[in-house]
There are 2 protein chains.
Amino acid sequence: MQAKFNFELISQDEGARLGILTTAYGHIDTPAFMPVGTAATVKGMMPEAVAETGAQIILSNTYHLMLRPGPDRVKHLGGVRKMMNWKGPLLTDSGGFQVMSLGPLRKIDENGVTFKSHLDGSPHLLTPEISTEIQHKLDATITMVFDECTPYPATKSQAADSMELSMRWAVRSRKAFIERKGYGQFGIVQGSVYPDLRLQSVQRLNEIGFEGYAIGGLAVGEGQELMFETLKVTTPYMKIEQPRYLMGVGKPADIVGAVLRGVDMFDCVLPTRSGRTGQAFTRYGTVNIKNARHADDLRPLDENCSCPACNNYSRGYLHHLFKSDEIQGLTLLTWHNLTYYQDLMRAIRKAIKERQYNTFVSNFYREQTQGDIPKI
Amino acid sequence: MQAKFNFELISQDEGARLGILTTAYGHIDTPAFMPVGTAATVKGMMPEAVAETGAQIILSNTYHLMLRPGPDRVKHLGGVRKMMNWKGPLLTDSGGFQVMSLGPLRKIDENGVTFKSHLDGSPHLLTPEISTEIQHKLDATITMVFDECTPYPATKSQAADSMELSMRWAVRSRKAFIERKGYGQFGIVQGSVYPDLRLQSVQRLNEIGFEGYAIGGLAVGEGQELMFETLKVTTPYMKIEQPRYLMGVGKPADIVGAVLRGVDMFDCVLPTRSGRTGQAFTRYGTVNIKNARHADDLRPLDENCSCPACNNYSRGYLHHLFKSDEIQGLTLLTWHNLTYYQDLMRAIRKAIKERQYNTFVSNFYREQTQGDIPKI
């Protein structure tokens with residue numbers, strides 16, 4: 001049986017692409033944003049509410065779930081989707097990024113990474129085979145290959161070595177992957193900011209063959225300009241007929257620019273994490289609801305937003321919830337931010353469909369500089 | 001204009017009463033349980049979800065809201081109901097209980113209570129007039145008189161002095177109350193555990209005349225038996241045709257027993273606060289979801305419960321959420337507990353209607369002793 005998604009490329013507007021990715025658990029309109037549900041829950045949100053915002057796929061973190069409650073327990077409880085009552089498809093990362101950034105003690109060799117749990121210090125091993133097996137136990141609809149996220153900055157020689165290791169791990173990850181209809185595995189392009197390394201990585205992954213291709217090792221401190229530059233010299237070499245996923249990105253402006261450079265899928269903790277700290281995304285930039293100027297404000301966060309936070313509550317009340325450390329504040333701002341991100345993706349898809357994406361990009365950047373809803 | 005609710009007493013089964021209280025913002029089927037939304041939010045719950053459980057009225061705390069965000073700000077934001085998007089009626093307490101229990105420094109005299117905010121130490125004064133005015137600013141559908149909650153234990157002389165002060169404050173509270181159609185004010189019976197003082201207090205309040213009568217000064221450490229004894233010598237003297245509200249009560253077994261002794265309305269933080277600590281109420285007693293024995297349990301909390309926590313999630317997953325400090329765990333267990341309480345009130349009303357309340361009480365106490373769902 002072929003492990004294949006049906007990815008239909010509907011239209012293109014210069015670099016920007018409009019598509020539909022069909023999986024065992026429903027389709028994903030691309031360009032798509034995937035909310036992050038690290039520990040098998042999108043923090044503070046009912047899964048029905050996540051779906052209401054327009055999200056069609058979410059991401060969970062292998063690293064966190066392998067440590068707690070553990071892959072066998074997740075499997076026993078029916079996998080992440082069933083366990084958390086998420087009806088759509090699920091993407092899991094491979095744990096590679098987290099063992100590098102969260103594991104306090106780690107050792108990388110050809111076999112994989114040994115590290116200690118940030119929860120209790122217990123020793124663990126992740127290899128391409130183990131990561132893939134765990135992701136199967138989590139019941140990931142989209143499994144990611146186990147790779148090394150090349151640190152930034154890296155010399156060309158370091159970046160080459162790291163990329164080569166990731167490509168050897170990609171071969172092993174693919175071998176460990178069990179094909180099932182409507183499920184797939186994505187390879188991850190590495191090579192830091194070096195165009196020829198990125199090209200080599202793309203070619204190596206194409207030779208292996210995956211259902212989709214991610215671009216890794218970006219949004220790690222190189223800045224937006226260099227990220228866009230790297231995309232520009234990477235995506236033209238990637239297969240046209242398969243989905244492209246830029247991992248861990250990003251701010252709204254990053255997403256808008258990356259779509260222009262041929263990216264189809266995104267994930268980021270920004271809308272959820274910012275929501276929990278009182279930061280709201282709006283068409284006019286970000287708003288910190290904890291700021292005292294909102295205390296008596298009867299206006300909604302964004303008059304054009306359809307989310308419950310904007311439909312039913314004033315800024316003054318949201319401000320009160322945050323000042324009082326009330327859970328409902330976190331939920332409402334997360335809901336708003338996820339709605340903002342999905343509204344953005346809808347607007348992006350509409351613009352591509354109408355072949356107006358360049359105009360959309362210009363308008364977007366102009367509005368974002370205003371800082372808040374203009375006073376009447 | 002007469003400030004009158006329409007309270008219709010539909011049927012009685014010995015002491016237990018079935019009624020409908022109609023307010024400006026909808027009716028309340030009694031016996032009723034009011035969830036607590038201290039700071040103008042039922043912690044962790046969307047107001048739509050609170051209504052879905054069957055709650056028809058909620059309670060907010062004057063003390064907390066007067067300190068943050070302040071009565072004038074709440075009024076500016078449209079009152080508690082509009083501010084928090086709660087469509088039904090709202091009851092506010094008078095702040096009397098909280099200034100006694102939360103204010104670090106307080107002084108009581110004939111005029112009222114001076115105290116310092118537990119938030120910032122700022123000085124405040126509550127009097128019958130000020131409390132009533134604040135409750136008007138909060139837009140309470142049911143306003144409570146400002147009283148002194150007599151500490152327990154109290155000598156008869158102390159209890160008498162305290163009750164006398166509360167009755168003088170009740171006169172002043174009533175004078176300060178602005179009558180509006182569909183809104184009302186409740187007097188509060190005091191007198192500690194002394195039957196003759198309770199009787200005097202009822203008579204004094206009846207002379208003033210209120211839209212309903214609360215029983216205060218119970219559930220303060222006297223124990224269930226003495227609480228039931230006190231109810232038994234108090235409710236027979238209360239007006240039959242007006243609602244009776246037992247403040248701050250309580251555990252399911254307290255409610256079941258108090259209904260038998262003629263109480264119509266209840267409020268308590270127990271279902272919401274317990275939900276946040278991982279304690280779930282079930283027909284068979286309480287369950288601590290943090291207990292390791294639930295980690296692999298595929299069963300719901302309660303197979304007969306209709307709430308989302310029981311319909312869509314295993315005990316194993318709920319356990320995981322609590323072990324991982326995930327917000328969604330608090331929300332789901334609060335949702336379950338509020339559903340449990342409203343299901344209990346529905347069952348109580350059904351039993352009274354069918355004149356089977358004594359049988360209901362016997363069955364209830366038998367089931368509650370089992371500790372958890374019996375193993376199959």
# chains A, B, ... in the order shown; residues from 1 in each chain; ligands from 1
>>> residues_around(residues="stretch 353-365 of chain A", least_positions_apart="4", cutoff="10 Å", atoms="only C-alpha atoms", output="PyMOL selection string")
chain A and resi 10-19+252-253+256-257+259-260+283-285+344+347-349+369-370
>>> write_last_selection(atoms="C-alpha atoms", output="PDB file, in the first residue's frame")
ATOM      1  CA  ILE A  10      -5.079  24.402  -7.461  1.00  0.00           C
ATOM      2  CA  SER A  11      -3.402  27.581  -8.538  1.00  0.00           C
ATOM      3  CA  GLN A  12      -0.223  29.611  -8.317  1.00  0.00           C
ATOM      4  CA  ASP A  13       0.356  33.338  -8.162  1.00  0.00           C
ATOM      5  CA  GLU A  14       4.032  33.875  -8.843  1.00  0.00           C
ATOM      6  CA  GLY A  15       5.672  31.928  -5.987  1.00  0.00           C
ATOM      7  CA  ALA A  16       2.540  31.614  -3.860  1.00  0.00           C
ATOM      8  CA  ARG A  17       0.626  28.345  -4.103  1.00  0.00           C
ATOM      9  CA  LEU A  18      -2.986  27.347  -3.366  1.00  0.00           C
ATOM     10  CA  GLY A  19      -3.569  23.676  -2.671  1.00  0.00           C
ATOM     11  CA  PRO A 252       2.180  36.953  10.663  1.00  0.00           C
ATOM     12  CA  ALA A 253       4.649  38.931   8.528  1.00  0.00           C
ATOM     13  CA  VAL A 256       2.927  36.286   4.474  1.00  0.00           C
ATOM     14  CA  GLY A 257       6.466  36.529   3.074  1.00  0.00           C
ATOM     15  CA  VAL A 259       3.957  32.066   1.217  1.00  0.00           C
ATOM     16  CA  LEU A 260       5.241  34.443  -1.455  1.00  0.00           C
ATOM     17  CA  ARG A 283      -4.727  43.613  11.526  1.00  0.00           C
ATOM     18  CA  TYR A 284      -2.970  46.689  12.827  1.00  0.00           C
ATOM     19  CA  GLY A 285      -0.237  44.931  14.768  1.00  0.00           C
ATOM     20  CA  LEU A 344      -4.952  35.464   7.811  1.00  0.00           C
ATOM     21  CA  ALA A 347      -7.213  35.892   3.276  1.00  0.00           C
ATOM     22  CA  ILE A 348      -3.927  34.574   1.867  1.00  0.00           C
ATOM     23  CA  ARG A 349      -5.704  31.723   0.070  1.00  0.00           C
ATOM     24  CA  THR A 369       2.610  49.300  10.879  1.00  0.00           C
ATOM     25  CA  GLN A 370      -0.312  51.201  12.409  1.00  0.00           C
TER      26      GLN A 370
END
>>> calpha_fit_and_write(fixed="chain B", moving="chain A", output="compact mmCIF listing (two decimals) with C-alpha atoms, in the first residue's frame")
# COMPACT_ATOMS: atom_id res chain seq x y z
CA MET A 1 -42.94 50.46 41.02
CA GLN A 2 -42.81 47.28 43.08
CA ALA A 3 -39.51 45.44 43.16
CA LYS A 4 -41.00 42.04 42.93
CA PHE A 5 -40.05 38.73 41.55
CA ASN A 6 -42.77 36.34 40.70
CA PHE A 7 -42.09 33.26 42.83
CA GLU A 8 -44.47 30.45 42.07
CA LEU A 9 -44.55 27.52 44.43
CA ILE A 10 -45.53 24.60 42.22
CA SER A 11 -45.55 21.73 44.64
CA GLN A 12 -44.32 20.53 48.00
CA ASP A 13 -43.23 17.12 49.20
CA GLU A 14 -43.11 17.30 52.97
CA GLY A 15 -40.52 20.06 53.56
CA ALA A 16 -39.11 20.04 50.03
CA ARG A 17 -40.41 22.70 47.66
CA LEU A 18 -40.58 22.99 43.85
CA GLY A 19 -40.83 26.50 42.48
CA ILE A 20 -40.12 28.98 39.72
CA LEU A 21 -38.55 32.35 40.41
CA THR A 22 -39.01 34.80 37.54
CA THR A 23 -36.62 37.74 37.18
CA ALA A 24 -35.91 40.47 34.65
CA TYR A 25 -33.43 38.12 32.94
CA GLY A 26 -35.26 34.83 32.90
CA HIS A 27 -36.60 32.29 35.32
CA ILE A 28 -34.92 30.01 37.83
CA ASP A 29 -36.28 26.54 38.56
CA THR A 30 -35.94 25.85 42.27
CA PRO A 31 -34.37 24.15 44.12
CA ALA A 32 -31.51 25.83 42.26
CA PHE A 33 -27.72 25.82 42.51
CA MET A 34 -25.85 29.03 41.60
CA PRO A 35 -22.25 28.62 40.34
CA VAL A 36 -19.84 31.19 41.72
CA GLY A 37 -18.23 33.69 39.35
CA THR A 38 -16.26 35.69 41.93
CA ALA A 39 -14.46 38.16 39.68
CA ALA A 40 -17.16 38.28 36.96
CA THR A 41 -16.07 34.96 35.47
CA VAL A 42 -16.81 31.38 36.46
CA LYS A 43 -13.16 30.35 36.58
CA GLY A 44 -12.11 28.42 33.47
CA MET A 45 -15.58 28.35 31.88
CA MET A 46 -17.11 30.17 28.95
CA PRO A 47 -20.48 31.59 30.11
CA GLU A 48 -22.17 29.65 27.32
CA ALA A 49 -20.77 26.46 28.84
CA VAL A 50 -22.04 27.45 32.30
CA ALA A 51 -25.52 27.90 30.81
CA GLU A 52 -25.23 24.56 28.99
CA THR A 53 -24.81 22.75 32.30
CA GLY A 54 -28.28 24.01 33.22
CA ALA A 55 -27.26 26.88 35.52
CA GLN A 56 -29.86 29.64 35.31
CA ILE A 57 -28.29 32.13 37.70
CA ILE A 58 -24.75 32.80 38.90
CA LEU A 59 -23.24 34.62 41.86
CA SER A 60 -20.50 37.24 41.90
CA ASN A 61 -18.64 38.67 44.88
CA THR A 62 -19.03 42.34 45.72
CA TYR A 63 -15.85 42.37 47.79
CA HIS A 64 -13.61 41.20 44.93
CA LEU A 65 -15.24 43.38 42.28
CA MET A 66 -15.23 46.53 44.42
CA LEU A 67 -11.47 46.14 44.80
CA ARG A 68 -10.81 45.12 41.20
CA PRO A 69 -11.79 46.48 38.72
CA GLY A 70 -13.91 48.71 40.98
CA PRO A 71 -17.68 49.36 40.96
CA ASP A 72 -17.54 52.44 38.72
CA ARG A 73 -15.46 50.63 36.15
CA VAL A 74 -17.83 47.65 36.20
CA LYS A 75 -20.73 50.06 35.73
CA HIS A 76 -18.90 51.77 32.86
CA LEU A 77 -18.37 48.37 31.23
CA GLY A 78 -22.12 47.67 31.45
CA GLY A 79 -22.41 45.81 34.75
CA VAL A 80 -21.25 42.29 35.55
CA ARG A 81 -23.77 40.50 33.32
CA LYS A 82 -23.03 42.49 30.17
CA MET A 83 -19.30 42.65 30.89
CA MET A 84 -18.95 38.87 31.22
CA ASN A 85 -21.64 38.03 28.64
CA TRP A 86 -23.89 36.18 31.09
CA LYS A 87 -27.45 36.34 29.81
CA GLY A 88 -29.26 35.11 32.92
CA PRO A 89 -29.88 36.74 36.29
CA LEU A 90 -27.02 37.54 38.66
CA LEU A 91 -26.92 37.48 42.45
CA THR A 92 -24.24 39.42 44.30
CA ASP A 93 -23.36 38.96 47.93
CA SER A 94 -22.97 42.07 50.06
CA GLY A 95 -19.26 41.76 50.77
CA GLY A 96 -19.96 41.28 54.46
CA PHE A 97 -18.69 37.71 54.60
CA GLN A 98 -15.47 38.49 52.69
CA VAL A 99 -14.46 41.55 54.68
CA MET A 100 -14.62 39.36 57.76
CA SER A 101 -12.69 36.46 56.25
CA LEU A 102 -10.31 38.10 53.74
CA GLY A 103 -9.66 41.65 54.97
CA PRO A 104 -6.44 41.50 57.01
CA LEU A 105 -7.33 44.53 59.18
CA ARG A 106 -10.94 45.37 59.92
CA LYS A 107 -12.97 47.38 62.37
CA ILE A 108 -16.69 46.92 62.83
CA ASP A 109 -18.90 49.59 64.32
CA GLU A 110 -22.53 50.60 64.04
CA ASN A 111 -21.86 52.39 60.78
CA GLY A 112 -20.20 49.48 58.98
CA VAL A 113 -16.83 47.82 58.41
CA THR A 114 -13.52 49.49 57.59
CA PHE A 115 -10.94 47.13 56.14
CA LYS A 116 -7.82 46.97 54.02
CA SER A 117 -7.71 45.45 50.55
CA HIS A 118 -6.01 42.04 50.41
CA LEU A 119 -4.59 43.17 47.04
CA ASP A 120 -2.78 46.38 47.88
CA GLY A 121 -3.61 47.26 51.50
CA SER A 122 -5.66 50.29 50.50
CA PRO A 123 -8.34 51.31 53.05
CA HIS A 124 -12.04 50.74 52.28
CA LEU A 125 -15.38 51.17 54.00
CA LEU A 126 -18.46 49.03 53.56
CA THR A 127 -21.78 50.07 55.06
CA PRO A 128 -25.29 48.88 54.25
CA GLU A 129 -25.72 51.94 52.02
CA ILE A 130 -22.36 51.60 50.25
CA SER A 131 -22.75 47.83 49.72
CA THR A 132 -26.20 48.31 48.24
CA GLU A 133 -25.02 51.12 45.97
CA ILE A 134 -22.09 49.00 44.77
CA GLN A 135 -24.39 46.05 44.05
CA HIS A 136 -26.55 48.40 41.96
CA LYS A 137 -23.46 49.45 40.02
CA LEU A 138 -22.63 45.78 39.46
CA ASP A 139 -26.20 45.42 38.10
CA ALA A 140 -27.13 42.60 40.45
CA THR A 141 -30.51 41.08 39.69
CA ILE A 142 -30.64 39.92 43.30
CA THR A 143 -28.99 42.22 45.82
CA MET A 144 -28.13 40.93 49.30
CA VAL A 145 -28.43 43.01 52.46
CA PHE A 146 -25.16 43.93 54.19
CA ASP A 147 -24.86 41.83 57.32
CA GLU A 148 -22.40 40.47 59.80
CA CYS A 149 -21.84 36.75 59.36
CA THR A 150 -21.82 35.69 63.03
CA PRO A 151 -18.65 33.68 63.69
CA TYR A 152 -19.01 30.13 64.97
CA PRO A 153 -18.97 29.28 67.79
CA ALA A 154 -20.65 32.28 69.45
CA THR A 155 -22.25 32.55 72.86
CA LYS A 156 -25.93 33.33 72.84
CA SER A 157 -25.22 36.89 73.93
CA GLN A 158 -22.64 37.37 71.14
CA ALA A 159 -25.01 35.81 68.62
CA ALA A 160 -27.84 38.08 69.77
CA ASP A 161 -25.74 41.24 69.51
CA SER A 162 -24.47 40.25 66.08
CA MET A 163 -27.98 39.40 64.86
CA GLU A 164 -29.37 42.68 66.21
CA LEU A 165 -26.66 44.60 64.35
CA SER A 166 -27.43 42.70 61.15
CA MET A 167 -31.15 43.50 61.54
CA ARG A 168 -30.44 47.23 61.95
CA TRP A 169 -28.21 46.98 58.87
CA ALA A 170 -31.03 45.16 57.06
CA VAL A 171 -33.30 48.17 57.62
CA ARG A 172 -30.64 50.49 56.21
CA SER A 173 -29.89 48.12 53.29
CA ARG A 174 -33.58 48.08 52.38
CA LYS A 175 -33.77 51.87 52.47
CA ALA A 176 -30.79 52.11 50.12
CA PHE A 177 -32.25 49.60 47.68
CA ILE A 178 -33.68 51.05 44.48
CA GLU A 179 -36.70 49.08 43.34
CA ARG A 180 -36.82 47.95 39.72
CA LYS A 181 -39.18 45.50 38.07
CA GLY A 182 -37.72 42.01 37.92
CA TYR A 183 -34.97 42.89 40.41
CA GLY A 184 -35.04 42.13 44.12
CA GLN A 185 -33.26 42.22 47.43
CA PHE A 186 -32.91 39.37 49.90
CA GLY A 187 -32.75 39.73 53.67
CA ILE A 188 -30.43 37.41 55.61
CA VAL A 189 -31.56 35.49 58.69
CA GLN A 190 -28.87 35.32 61.38
CA GLY A 191 -28.88 34.02 64.97
CA SER A 192 -26.22 31.34 64.92
CA VAL A 193 -27.54 27.98 66.19
CA TYR A 194 -30.07 29.49 68.64
CA PRO A 195 -33.66 28.76 67.59
CA ASP A 196 -35.21 31.75 69.38
CA LEU A 197 -32.67 34.15 67.83
CA ARG A 198 -33.34 32.67 64.38
CA LEU A 199 -37.08 33.16 64.97
CA GLN A 200 -36.58 36.77 66.06
CA SER A 201 -34.40 37.42 63.01
CA VAL A 202 -37.03 35.97 60.67
CA GLN A 203 -39.71 38.16 62.25
CA ARG A 204 -37.60 41.31 62.01
CA LEU A 205 -36.87 40.66 58.32
CA ASN A 206 -40.53 39.90 57.60
CA GLU A 207 -41.43 43.24 59.08
CA ILE A 208 -39.02 45.00 56.73
CA GLY A 209 -40.14 42.96 53.73
CA PHE A 210 -37.86 41.56 51.04
CA GLU A 211 -38.26 39.69 47.75
CA GLY A 212 -36.54 36.68 49.27
CA TYR A 213 -34.81 35.49 52.42
CA ALA A 214 -31.40 33.98 52.87
CA ILE A 215 -30.18 31.90 55.78
CA GLY A 216 -26.72 33.12 56.75
CA GLY A 217 -24.18 32.13 59.36
CA LEU A 218 -24.30 28.43 58.52
CA ALA A 219 -21.67 26.19 56.93
CA VAL A 220 -19.11 28.06 59.04
CA GLY A 221 -17.84 25.08 61.00
CA GLU A 222 -20.89 23.91 62.91
CA GLY A 223 -21.13 20.65 60.97
CA GLN A 224 -23.91 19.15 58.90
CA GLU A 225 -26.02 17.88 61.79
CA LEU A 226 -26.23 21.23 63.55
CA MET A 227 -26.81 22.98 60.24
CA PHE A 228 -29.77 20.71 59.52
CA GLU A 229 -31.06 21.22 63.09
CA THR A 230 -30.87 24.98 62.67
CA LEU A 231 -32.66 24.85 59.32
CA LYS A 232 -35.40 22.77 60.90
CA VAL A 233 -36.12 25.46 63.49
CA THR A 234 -35.78 28.34 61.00
CA THR A 235 -37.52 27.55 57.71
CA PRO A 236 -40.93 26.81 59.29
CA TYR A 237 -41.09 30.47 60.33
CA MET A 238 -40.09 31.82 56.92
CA LYS A 239 -42.73 33.03 54.48
CA ILE A 240 -43.99 30.17 52.37
CA GLU A 241 -44.53 32.25 49.25
CA GLN A 242 -40.96 33.59 48.97
CA PRO A 243 -37.68 31.97 47.97
CA ARG A 244 -35.22 30.77 50.61
CA TYR A 245 -31.51 30.77 49.97
CA LEU A 246 -28.92 28.94 52.08
CA MET A 247 -25.69 30.87 51.56
CA GLY A 248 -22.41 29.13 50.79
CA VAL A 249 -23.81 25.58 50.83
CA GLY A 250 -22.46 23.16 49.93
CA LYS A 251 -21.53 19.56 49.44
CA PRO A 252 -24.06 17.50 47.45
CA ALA A 253 -25.23 15.77 50.65
CA ASP A 254 -25.72 19.15 52.35
CA ILE A 255 -27.90 20.34 49.50
CA VAL A 256 -30.01 17.18 49.41
CA GLY A 257 -30.66 17.48 53.15
CA ALA A 258 -31.29 21.22 53.10
CA VAL A 259 -33.89 20.85 50.35
CA LEU A 260 -35.69 18.38 52.60
CA ARG A 261 -35.72 21.16 55.21
CA GLY A 262 -37.30 23.72 52.92
CA VAL A 263 -34.43 25.49 51.13
CA ASP A 264 -34.83 26.67 47.50
CA MET A 265 -31.48 28.18 46.51
CA PHE A 266 -27.79 27.40 47.02
CA ASP A 267 -24.37 28.65 46.04
CA CYS A 268 -20.92 27.23 46.68
CA VAL A 269 -17.39 27.37 45.27
CA LEU A 270 -17.04 23.61 45.77
CA PRO A 271 -17.74 22.35 42.23
CA THR A 272 -15.54 25.00 40.60
CA ARG A 273 -12.73 25.04 43.17
CA SER A 274 -12.63 21.24 43.44
CA GLY A 275 -12.59 21.00 39.66
CA ARG A 276 -9.42 23.08 39.59
CA THR A 277 -7.70 20.77 42.07
CA GLY A 278 -8.63 17.57 40.23
CA GLN A 279 -11.53 16.49 42.42
CA ALA A 280 -14.59 15.27 40.53
CA PHE A 281 -18.08 14.72 41.94
CA THR A 282 -19.85 11.59 40.82
CA ARG A 283 -22.98 9.74 41.85
CA TYR A 284 -20.73 7.42 43.80
CA GLY A 285 -18.77 10.07 45.67
CA THR A 286 -15.68 12.05 44.80
CA VAL A 287 -12.84 10.95 42.54
CA ASN A 288 -9.35 12.47 42.62
CA ILE A 289 -8.26 12.35 38.99
CA LYS A 290 -4.63 12.98 39.95
CA ASN A 291 -4.48 9.56 41.58
CA ALA A 292 -2.10 7.27 39.64
CA ARG A 293 -4.77 4.55 39.35
CA HIS A 294 -6.49 6.64 36.64
CA ALA A 295 -3.43 6.93 34.35
CA ASP A 296 -4.43 4.04 32.06
CA ASP A 297 -8.18 4.12 32.67
CA LEU A 298 -10.13 4.25 29.42
CA ARG A 299 -13.45 4.84 31.23
CA PRO A 300 -15.03 8.28 31.54
CA LEU A 301 -15.33 9.92 34.95
CA ASP A 302 -19.00 8.99 35.10
CA GLU A 303 -20.61 6.86 32.42
CA ASN A 304 -24.03 8.44 32.98
CA CYS A 305 -22.89 12.07 32.83
CA SER A 306 -23.63 14.16 29.75
CA CYS A 307 -20.79 16.70 30.10
CA PRO A 308 -17.96 16.99 27.54
CA ALA A 309 -15.40 15.67 30.03
CA CYS A 310 -17.38 12.42 30.34
CA ASN A 311 -18.55 12.20 26.74
CA ASN A 312 -15.29 12.79 24.94
CA TYR A 313 -12.40 11.94 27.25
CA SER A 314 -10.99 9.05 29.26
CA ARG A 315 -9.90 9.27 32.88
CA GLY A 316 -6.41 8.52 31.58
CA TYR A 317 -6.38 11.67 29.46
CA LEU A 318 -7.86 13.83 32.24
CA HIS A 319 -5.17 12.42 34.55
CA HIS A 320 -2.51 13.37 31.99
CA LEU A 321 -3.86 16.94 31.74
CA PHE A 322 -3.65 17.38 35.52
CA LYS A 323 -0.20 15.84 35.79
CA SER A 324 0.94 18.20 33.01
CA ASP A 325 -0.69 21.29 34.60
CA GLU A 326 -2.72 21.86 31.47
CA ILE A 327 -5.49 24.50 31.61
CA GLN A 328 -7.84 22.19 29.73
CA GLY A 329 -7.86 19.84 32.73
CA LEU A 330 -9.24 22.57 35.01
CA THR A 331 -11.88 23.50 32.46
CA LEU A 332 -13.03 19.93 31.86
CA LEU A 333 -13.28 19.01 35.55
CA THR A 334 -15.04 22.27 36.39
CA TRP A 335 -17.46 21.60 33.54
CA HIS A 336 -18.06 18.12 34.86
CA ASN A 337 -18.62 19.27 38.44
CA LEU A 338 -21.02 22.04 37.42
CA THR A 339 -22.89 19.49 35.32
CA TYR A 340 -22.99 17.12 38.28
CA TYR A 341 -24.47 19.85 40.49
CA GLN A 342 -27.07 20.86 37.91
CA ASP A 343 -27.95 17.22 37.24
CA LEU A 344 -28.40 16.81 40.97
CA MET A 345 -30.75 19.81 41.11
CA ARG A 346 -32.72 18.44 38.15
CA ALA A 347 -33.05 15.07 39.89
CA ILE A 348 -34.11 16.81 43.11
CA ARG A 349 -36.79 18.82 41.28
CA LYS A 350 -38.05 15.71 39.50
CA ALA A 351 -38.30 13.80 42.76
CA ILE A 352 -40.23 16.61 44.45
CA LYS A 353 -42.55 16.86 41.47
CA GLU A 354 -43.25 13.13 41.67
CA ARG A 355 -43.57 13.34 45.47
CA GLN A 356 -40.75 10.81 45.79
CA TYR A 357 -38.28 13.04 47.58
CA ASN A 358 -37.82 10.83 50.63
CA THR A 359 -36.99 7.86 48.41
CA PHE A 360 -34.62 10.03 46.42
CA VAL A 361 -32.81 11.08 49.59
CA SER A 362 -32.36 7.46 50.74
CA ASN A 363 -31.03 6.34 47.35
CA PHE A 364 -28.73 9.34 47.17
CA TYR A 365 -27.04 8.66 50.47
CA ARG A 366 -26.67 4.94 49.67
CA GLU A 367 -24.98 5.59 46.29
CA GLN A 368 -22.66 8.26 47.68
CA THR A 369 -21.01 5.81 50.05
CA GLN A 370 -19.64 3.62 47.26
CA GLY A 371 -16.62 5.86 46.57
CA ASP A 372 -16.39 5.33 42.81
CA ILE A 373 -18.17 3.68 39.91
CA PRO A 374 -18.56 0.03 40.91
CA LYS A 375 -16.25 -2.23 38.90
CA ILE A 376 -18.08 -4.37 36.38
>>> select_by_dssp(residues="stretch 77-189 of chain A", states="strand (DSSP E)", output="ChimeraX atom specification")
/A:90-92,106-108,113-116,123-126,142-144,184-189
>>> write_last_selection(atoms="C-alpha atoms", output="PDB file, in the first residue's frame")
ATOM      1  CA  LEU A  90      -2.300  15.506  13.416  1.00  0.00           C
ATOM      2  CA  LEU A  91       1.336  16.275  12.670  1.00  0.00           C
ATOM      3  CA  THR A  92       4.017  15.349  15.180  1.00  0.00           C
ATOM      4  CA  ARG A 106      22.688  15.457  25.568  1.00  0.00           C
ATOM      5  CA  LYS A 107      25.114  13.515  23.444  1.00  0.00           C
ATOM      6  CA  ILE A 108      24.791  13.217  19.698  1.00  0.00           C
ATOM      7  CA  VAL A 113      20.729  11.520  20.700  1.00  0.00           C
ATOM      8  CA  THR A 114      20.911  10.514  24.357  1.00  0.00           C
ATOM      9  CA  PHE A 115      19.454  13.089  26.718  1.00  0.00           C
ATOM     10  CA  LYS A 116      17.942  13.555  30.145  1.00  0.00           C
ATOM     11  CA  PRO A 123      17.889   9.105  30.650  1.00  0.00           C
ATOM     12  CA  HIS A 124      16.359   8.685  27.175  1.00  0.00           C
ATOM     13  CA  LEU A 125      17.513   7.832  23.671  1.00  0.00           C
ATOM     14  CA  LEU A 126      16.065   9.113  20.427  1.00  0.00           C
ATOM     15  CA  ILE A 142       2.026  13.258   9.364  1.00  0.00           C
ATOM     16  CA  THR A 143       5.255  11.879  10.803  1.00  0.00           C
ATOM     17  CA  MET A 144       8.450  13.936  10.627  1.00  0.00           C
ATOM     18  CA  GLY A 184       2.521  10.302   5.365  1.00  0.00           C
ATOM     19  CA  GLN A 185       6.030  11.212   6.357  1.00  0.00           C
ATOM     20  CA  PHE A 186       7.829  14.469   5.631  1.00  0.00           C
ATOM     21  CA  GLY A 187      11.547  14.844   5.017  1.00  0.00           C
ATOM     22  CA  ILE A 188      13.301  17.941   6.389  1.00  0.00           C
ATOM     23  CA  VAL A 189      15.629  20.082   4.273  1.00  0.00           C
TER      24      VAL A 189
END
>>> select_by_dssp(residues="stretch 168-289 of chain A", states="alpha helix (DSSP H)", output="NGL selection string")
:A and (168-176 or 195-208 or 224-232 or 252-260 or 270-276)
>>> decode(residues="stretch 333-343 of chain B", atoms="C-alpha atoms", output="mmCIF file, in the first residue's frame")
data_model
loop_
_atom_site.group_PDB
_atom_site.id
_atom_site.type_symbol
_atom_site.label_atom_id
_atom_site.label_comp_id
_atom_site.auth_asym_id
_atom_site.auth_seq_id
_atom_site.Cartn_x
_atom_site.Cartn_y
_atom_site.Cartn_z
ATOM 1 C CA LEU B 333 -13.293 19.006 35.571
ATOM 2 C CA THR B 334 -15.053 22.280 36.395
ATOM 3 C CA TRP B 335 -17.461 21.605 33.538
ATOM 4 C CA HIS B 336 -18.076 18.112 34.874
ATOM 5 C CA ASN B 337 -18.639 19.280 38.447
ATOM 6 C CA LEU B 338 -21.021 22.049 37.433
ATOM 7 C CA THR B 339 -22.898 19.498 35.314
ATOM 8 C CA TYR B 340 -22.984 17.130 38.288
ATOM 9 C CA TYR B 341 -24.472 19.849 40.492
ATOM 10 C CA GLN B 342 -27.070 20.870 37.907
ATOM 11 C CA ASP B 343 -27.954 17.218 37.224
#
